[in-house]
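What follows is a single structure, written as structure tokens, with notes after it.
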Amino acid sequence: MVWRILVGLVIAAAVLFGGFYAWAWRSEIPPEQTHDASSFDPAIVAKGAQLAALGSCAVCHTKAGGKPYAGGYPVATPFGTIYGTNITPDRETGIGTWSAVAFQRAMREGVTRNGQHLYPAFPYDHFTYATDSDINALYAFIMTREPARQKNRRADLIFPLNIRLFAAAWKLMFLHRGPYQADATRHDDRARGAYLTAGLGHCGACHTPRNSFGAEKRAQAFDGGVGEGWRAPALNENSSAPVPWTEKALFNYLRHGFDTDHGYAVGPMGPVARNLAKASDSDVHAIAAYVASLSGARNGAAQPAKIEAAAEAARKLTPSAYGVTPANQTTGSAAASDSVGAKIFTGACATCHHSGGGLPVSRPIDLGLSTPLNSDDPANVLHIILFGIHPPAGQAGRIMPGFQGALTEAQIVALADYLRAHFTRRPQWKDVAGALAKIRRERQAATETPQ
Amino acid sequence: MTVLTVNGKEHRVNGDPNTPLLYVLRNELKLNGAKFGCGLGQCGACTVLVDHEPVFSCVLPVSVLEGRQITTVEGLGTPEKPGALQRAFMEEQAAQCGYCIAGMIMRAQGLLDHKPSPTDAEIRAHMEPNLCRCGTHMRILRAIRRAVSEMKTARTEPVR
């Protein structure tokens, strides 16, 4: 009897697996013979270039110092490290043999030309929503890039996820295939913005929390998530920004990487803003309009006068912390508090983050306006204190020096606690030391990853 | 009062503990190698080492430095007996106006303390924070490479 049940179970399992395997199986799409780059309409290529910028494709498909789109960028996930692939039209190591149909299937279903399942680090759960014409424009752009010979690097994932069939199982559970269902109640800019945000922009990839399988929790869309060890702030009414986001502020931030009420786009958002500078003006406006509407409840109440009042209140926190420091007095002797953190702030930070006078470089925003300081998670503040803010190598941009070698761990914790207490009205962070240790560990692991 | 350990020697310094290290080095200890450039941690002329890590001494209050090892360019050698990097910078004539050089040498020393044989890409990435207005970057890079190779030769030479 037991024997029979066992056989039955084994058969049932085999049948189930067979069914799954048949479902998961994808055929190879024959290689395209040759691509004539000049056959693509330049107008379509230009549109593709703007969409590639909007989707920040180059970020994950280009390694530091590497050729554009030739891959190799390490994407650290809780399941291991995945490397962006070569998507230049090189026929051996890139996607030069991919037809438009194969490219569409990859974008919509996460399947390579030869039928292999891709891991969802490639955000096909978003790209599945892109329209045919947008995907074809991207295809035209990619196929007209300089081919670069660079072999793809194997994903370094924990067992059993290193078996690609698991990506198919993931899709069975979590991939909601397109096409995009437009919200009929939205129109104009917001409708376009909603489509771009959900699709090629894949904003939710960082700004929506993920479940233990690494899939976005759709019920908590835009509640804030994690990207490369940084906290990706909530884009909805749970935003920790002291001044509510408006469409105009979002446009400034996304297009120029800076807004006077919110500061600079840094961390993983830095490259996104630098890419959006190359996207189409109207598309960035559309995303700004849509994202501003996500915090509607907050914004609805926030008329311009109220926004100004919120900004004013946040700015007042700066001088109240340690008094107005005259511009020529860089030693900052007017500490309001005797705590270790206050002393560090006065000696190390107040030179730039003081409240009066001018600076030879443009001023940082008042710390009372800082979203990272107002966040429930100290990660971004710690990232910035440790490693500072730097433009990409060889480019112009804002610099804040990092203090990782200069301050001890205890001093960094004291400084973070001081900043939180003096520049926000939020409760003290719980485990700054733990968060600091985690960031150091991740940084250590990243620097030990051979390129 | 704050006790600072600079180039292996202890110094008692009085005054506001919020004072940046650079002012104490130059005005009290008369160690004038590190320079005031921008005062904002943007240019690197003030770079010194704290526990072998390069730091901007213009934005670091002395209050945080008790019990830590501070090294300035004066700690690497003397005019009669210059250190490996100092000698290499002279041999390559890497200084033009010279204002940035003490900071450059100290930042480079911070790299070589951890990594005696860096690649060229590692040298360039590491030196990125320090600015030179004269444009002697190529000579500075050459000097660092020279110091690396001379230190390597010194390490592998048989003991006589």
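We label chains A, B, ... in the order they appear in the structure tokens, count residues from 1 in each chain, and number ligands from 1 in the order shown.
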**OP:** Restrict the distance test to only C-alpha atoms, flag each residue of chain A within 8 Å of chain B, and return the flagged residues as number ranges by chain.
**Re:** A: 330-333, 343-344, 346-349, 351-352, 393, 399-401, 403, 405-407, 411
**OP:** Any chance you could list, as a ChimeraX atom specification, the residues in chain B that come up alpha helix (DSSP H) when DSSP is run on the backbone?
**Re:** /B:21-23,84-91,101-114,120-127,137-156
Original post:
Taking only C-alpha atoms into account, which of A:Ser38, A:Thr260, A:Thr85, A:Asn152 comes nearest A:Val59?
Top reply: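 Residue with the minimum atom-to-atom distance to A:Val59: A:Thr85.
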Counting only C-alpha atoms, which residues of stretch 52-103 of chain A fall within 12 Å of stretch 283-286 of chain A, and what is the closest atom pair for each with its distance in Å at one decimal, ordered by chain and rising number, as a Markdown table?
| residue | atom | partner | partner_atom | distance |
| --- | --- | --- | --- | --- |
| A:Ala53 | CA | A:Val284 | CA | 10.8 |
| A:Leu54 | CA | A:Val284 | CA | 8.2 |
| A:Gly55 | CA | A:Asp283 | CA | 11.4 |
Written file, previous selection with C-alpha atoms, as a short mmCIF file (atom, residue, chain, number, x, y, z; two decimals), in the first residue's frame:
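The resulting file, selection.cif, is reproduced below:
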data_model
loop_
_atom_site.label_atom_id
_atom_site.label_comp_id
_atom_site.auth_asym_id
_atom_site.auth_seq_id
_atom_site.Cartn_x
_atom_site.Cartn_y
_atom_site.Cartn_z
CA ALA A 53 18.40 56.78 -21.51
CA LEU A 54 15.00 56.76 -19.82
CA GLY A 55 15.44 53.08 -18.94
#
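Of the listed residues (A:Leu317, A:Ala24, A:Ala265, A:Leu294), A:Leu294 comes nearest to A:Ala194; the distances count only C-alpha atoms.
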**OP:** Kindly give the distance, in Å, that separates atom CA of A:Asp366 and atom CA of A:Leu254, rounded to a single decimal.
**Re:**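 These atoms are spaced 19.7 Å apart.
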